[in-house]
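Peer 1: Below you will find the structure I want to go over with you.
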Amino acid sequence: ARKHPAFPSILSAKMPAHARKTRHLRGQCSHGHGRVGRARKHPGGRGNAGGQHHHRIMMDKYHPGYFGKVGMRRYHLTRNASFAPTMNLDRLWSLVSEQTRTHYAAKKTEKVPVIDCVKAGFLKVLGKGVLPKQPVIVKAKFFSRRAEEKIKAVGGACVTVA
């Protein structure tokens with residue numbers, strides 16, 4: 001079999017011929033495979049052959065659960081429809097700088113900071129953690145019930161964006 005020019009044999013590139021096992025075995029008539037059994041090509045089958053038959057013990061021992069199915073099939077699975085990376089309220093203020101938060105906290109004006117979660121890559125806001133007592137406008141695609149309650153409790157607003 002001729003080698004493809006784009007894929008040179010790895011062995012031929014790395015190892016010198018004089019160091020190969022073949023050189024050492026010249027003159028030994030069965031080349032290290034014994035007189036009785038013969039060196040056959042693929043005695044157990046090629047690749048993963050016999051996983052449920054003659055190689056079953058190996059498959060059950062080292063690869064349990066390789067064969068069979070589990071669960072239900074969903075025929076028209078659309079992962080994009082349910083894509084909504086989440087963020088909790090305790091990390092909400094990490095999207096803007098600390099300087100921004102203190103700037104708006106110091107000024108008791110009508111201006112309120114806007115935190116756009118969608119721009120940061122989070123579509124849903126969840127309600128874990130506590131918010132500082134400072135009004136804020138939060139933009140996201142989805143809000144959990146608790147998140148909405150906590151944002152409104154500090155005087156903020158939830159704005160849903162498409």
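Ordered as shown in the structure tokens, chains take letters A, B, and onward, while each chain numbers its residues from 1 and ligands are numbered from 1 in the order shown.
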Counting only C-alpha atoms, what is within 9 Å of A:Leu131, bar same-chain residues fewer than 4 positions away, as a PyMOL selection string?
Peer 2: chain A and resi 89-90+92-93+150-151+154
Peer 1: Kindly save the residues from that selection, with N, CA and C atoms included, as a short mmCIF file (atom, residue, chain, number, x, y, z; two decimals), in the first residue's frame.
Peer 2:
```
data_model
loop_
_atom_site.label_atom_id
_atom_site.label_comp_id
_atom_site.auth_asym_id
_atom_site.auth_seq_id
_atom_site.Cartn_x
_atom_site.Cartn_y
_atom_site.Cartn_z
N LEU A 89 -29.21 38.07 41.71
CA LEU A 89 -29.18 39.46 42.15
C LEU A 89 -27.90 39.83 42.88
N ASP A 90 -27.30 38.85 43.60
CA ASP A 90 -26.09 39.18 44.35
C ASP A 90 -24.92 39.54 43.45
N LEU A 92 -25.50 41.15 40.47
CA LEU A 92 -26.04 42.14 39.53
C LEU A 92 -25.17 43.39 39.42
N TRP A 93 -24.71 43.89 40.58
CA TRP A 93 -23.93 45.12 40.57
C TRP A 93 -22.51 44.92 40.04
N LYS A 150 -37.68 41.71 44.76
CA LYS A 150 -36.54 42.32 45.46
C LYS A 150 -36.09 43.62 44.78
N ILE A 151 -36.13 43.64 43.45
CA ILE A 151 -35.73 44.86 42.73
C ILE A 151 -36.72 45.98 43.03
N VAL A 154 -36.37 47.68 46.60
CA VAL A 154 -35.36 48.73 46.82
C VAL A 154 -35.67 49.98 46.00
#
```
Peer 1: Near A:Ser82, within 12 Å and counting only C-alpha atoms, which residues show up once chain neighbours fewer than 2 positions away are dropped, as number ranges by chain?
Peer 2: A: 77-80, 84-86, 123-124, 141-142
Peer 1: For the residues in that selection, give me N, CA, C and O atoms as a compact mmCIF listing (two decimals), in the first residue's frame.
Peer 2:
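Saved as out_9.txt:
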```txt
# COMPACT_ATOMS: atom_id res chain seq x y z
N LEU A 77 -35.98 18.98 18.69
CA LEU A 77 -35.29 19.64 19.79
C LEU A 77 -34.72 20.97 19.32
O LEU A 77 -33.88 21.01 18.42
N THR A 78 -35.21 22.07 19.88
CA THR A 78 -34.67 23.39 19.55
C THR A 78 -34.05 23.97 20.81
O THR A 78 -34.77 24.40 21.71
N ARG A 79 -32.74 23.95 20.88
CA ARG A 79 -32.05 24.46 22.07
C ARG A 79 -32.09 25.98 22.13
O ARG A 79 -32.04 26.57 23.20
N ASN A 80 -32.15 26.62 20.97
CA ASN A 80 -32.13 28.09 20.96
C ASN A 80 -33.35 28.69 21.64
O ASN A 80 -33.28 29.75 22.25
N ALA A 84 -31.31 30.67 27.90
CA ALA A 84 -31.44 31.81 28.80
C ALA A 84 -30.39 31.73 29.90
O ALA A 84 -30.66 31.20 30.98
N PRO A 85 -29.17 32.21 29.64
CA PRO A 85 -28.15 32.22 30.69
C PRO A 85 -28.64 33.08 31.86
O PRO A 85 -29.22 34.14 31.65
N THR A 86 -28.43 32.60 33.08
CA THR A 86 -29.02 33.27 34.24
C THR A 86 -27.98 34.01 35.06
O THR A 86 -26.78 33.73 34.99
N LEU A 123 -29.70 36.54 30.04
CA LEU A 123 -31.06 36.84 29.62
C LEU A 123 -32.05 36.79 30.78
O LEU A 123 -33.09 37.43 30.73
N LYS A 124 -31.75 36.01 31.82
CA LYS A 124 -32.69 35.86 32.92
C LYS A 124 -32.05 36.27 34.24
O LYS A 124 -30.90 35.93 34.51
N LYS A 141 -34.41 39.83 29.65
CA LYS A 141 -35.49 39.22 28.89
C LYS A 141 -36.51 38.55 29.82
O LYS A 141 -37.71 38.60 29.57
N PHE A 142 -36.00 37.94 30.91
CA PHE A 142 -36.88 37.26 31.86
C PHE A 142 -36.46 37.62 33.29
O PHE A 142 -35.28 37.84 33.56
```
Peer 1: Which residues in chain A does DSSP call helix (DSSP H, G or I)? List them as a PyMOL selection string.
Peer 2: chain A and resi 10-14+17-19+21-25+56-62+89-95+98-106+145-153
Peer 1: Those same residues, written as an mmCIF file, in the first residue's frame with C-alpha atoms?
Peer 2:
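Written out: out.cif:
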```cif
data_model
loop_
_atom_site.group_PDB
_atom_site.id
_atom_site.type_symbol
_atom_site.label_atom_id
_atom_site.label_comp_id
_atom_site.auth_asym_id
_atom_site.auth_seq_id
_atom_site.Cartn_x
_atom_site.Cartn_y
_atom_site.Cartn_z
ATOM 1 C CA ILE A 10 4.840 8.906 12.023
ATOM 2 C CA LEU A 11 7.204 6.014 12.704
ATOM 3 C CA SER A 12 9.336 6.665 9.650
ATOM 4 C CA ALA A 13 9.807 10.285 10.652
ATOM 5 C CA LYS A 14 10.714 9.677 14.289
ATOM 6 C CA ALA A 17 15.518 1.819 11.375
ATOM 7 C CA HIS A 18 18.407 0.295 13.350
ATOM 8 C CA ALA A 19 16.542 0.787 16.640
ATOM 9 C CA LYS A 21 12.318 -4.341 17.168
ATOM 10 C CA THR A 22 12.330 -5.974 13.723
ATOM 11 C CA ARG A 23 16.130 -5.679 13.507
ATOM 12 C CA HIS A 24 16.509 -7.490 16.829
ATOM 13 C CA LEU A 25 14.135 -10.267 15.776
ATOM 14 C CA ARG A 56 -18.480 -8.606 26.895
ATOM 15 C CA ILE A 57 -16.606 -8.995 30.195
ATOM 16 C CA MET A 58 -14.184 -6.217 29.258
ATOM 17 C CA MET A 59 -17.014 -3.898 28.172
ATOM 18 C CA ASP A 60 -19.079 -4.534 31.316
ATOM 19 C CA LYS A 61 -16.056 -4.121 33.565
ATOM 20 C CA TYR A 62 -14.392 -1.033 32.109
ATOM 21 C CA LEU A 89 -29.182 39.463 42.147
ATOM 22 C CA ASP A 90 -26.088 39.181 44.354
ATOM 23 C CA ARG A 91 -23.905 39.494 41.222
ATOM 24 C CA LEU A 92 -26.038 42.141 39.531
ATOM 25 C CA TRP A 93 -23.928 45.124 40.566
ATOM 26 C CA SER A 94 -20.742 43.446 39.290
ATOM 27 C CA LEU A 95 -21.891 44.295 35.745
ATOM 28 C CA GLU A 98 -18.189 50.252 41.827
ATOM 29 C CA GLN A 99 -17.583 53.875 40.867
ATOM 30 C CA THR A 100 -20.944 53.985 39.056
ATOM 31 C CA ARG A 101 -22.765 52.627 42.097
ATOM 32 C CA THR A 102 -21.209 55.130 44.518
ATOM 33 C CA HIS A 103 -21.766 58.002 42.055
ATOM 34 C CA TYR A 104 -25.512 57.352 41.900
ATOM 35 C CA ALA A 105 -25.724 56.561 45.632
ATOM 36 C CA ALA A 106 -24.173 59.916 46.546
ATOM 37 C CA ARG A 145 -40.856 36.309 40.683
ATOM 38 C CA ARG A 146 -38.467 36.742 43.634
ATOM 39 C CA ALA A 147 -36.010 38.818 41.588
ATOM 40 C CA GLU A 148 -38.769 41.180 40.522
ATOM 41 C CA GLU A 149 -40.024 41.531 44.104
ATOM 42 C CA LYS A 150 -36.544 42.320 45.458
ATOM 43 C CA ILE A 151 -35.729 44.861 42.725
ATOM 44 C CA LYS A 152 -39.038 46.688 43.339
ATOM 45 C CA ALA A 153 -38.482 46.527 47.115
#
```
Peer 1: Which one of A:His31, A:Arg40, A:Tyr66, A:Ala162 sits closest to A:Gln52 if you count only C-alpha atoms?
Peer 2: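 That would be A:Tyr66, the residue with the smallest distance to A:Gln52.
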Peer 1: Please compute the atom CA of A:Lys41-atom CA of A:Met15 distance, one decimal, in Å.
Peer 2: 23.8 Å
Peer 1: Work out how far apart atom CA of A:Ser144 and atom CA of A:Val125 are and give it in Å to one decimal.
Peer 2: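 Atom-to-atom, atom CA of A:Ser144 to atom CA of A:Val125, that is 6.4 Å.
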Peer 1: Quick check, in Å to one decimal: how far apart do atom CA of A:Val112 and atom CA of A:Lys128 lie?
Peer 2: 22.2 Å
Peer 1: As a PyMOL selection string, please: the residues near A:Val138 (cut-off 9 Å, only C-alpha atoms, same-chain neighbours under 6 positions excluded).
Peer 2: chain A and resi 92+113-117+125+151+156-160
Peer 1: I need the residue nearest A:Gly121 from this list: A:Lys133, A:His63, A:Lys139, A:Lys107. Use only C-alpha atoms for the distance.
Peer 2: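 Selected residue with least distance to A:Gly121: A:Lys139.
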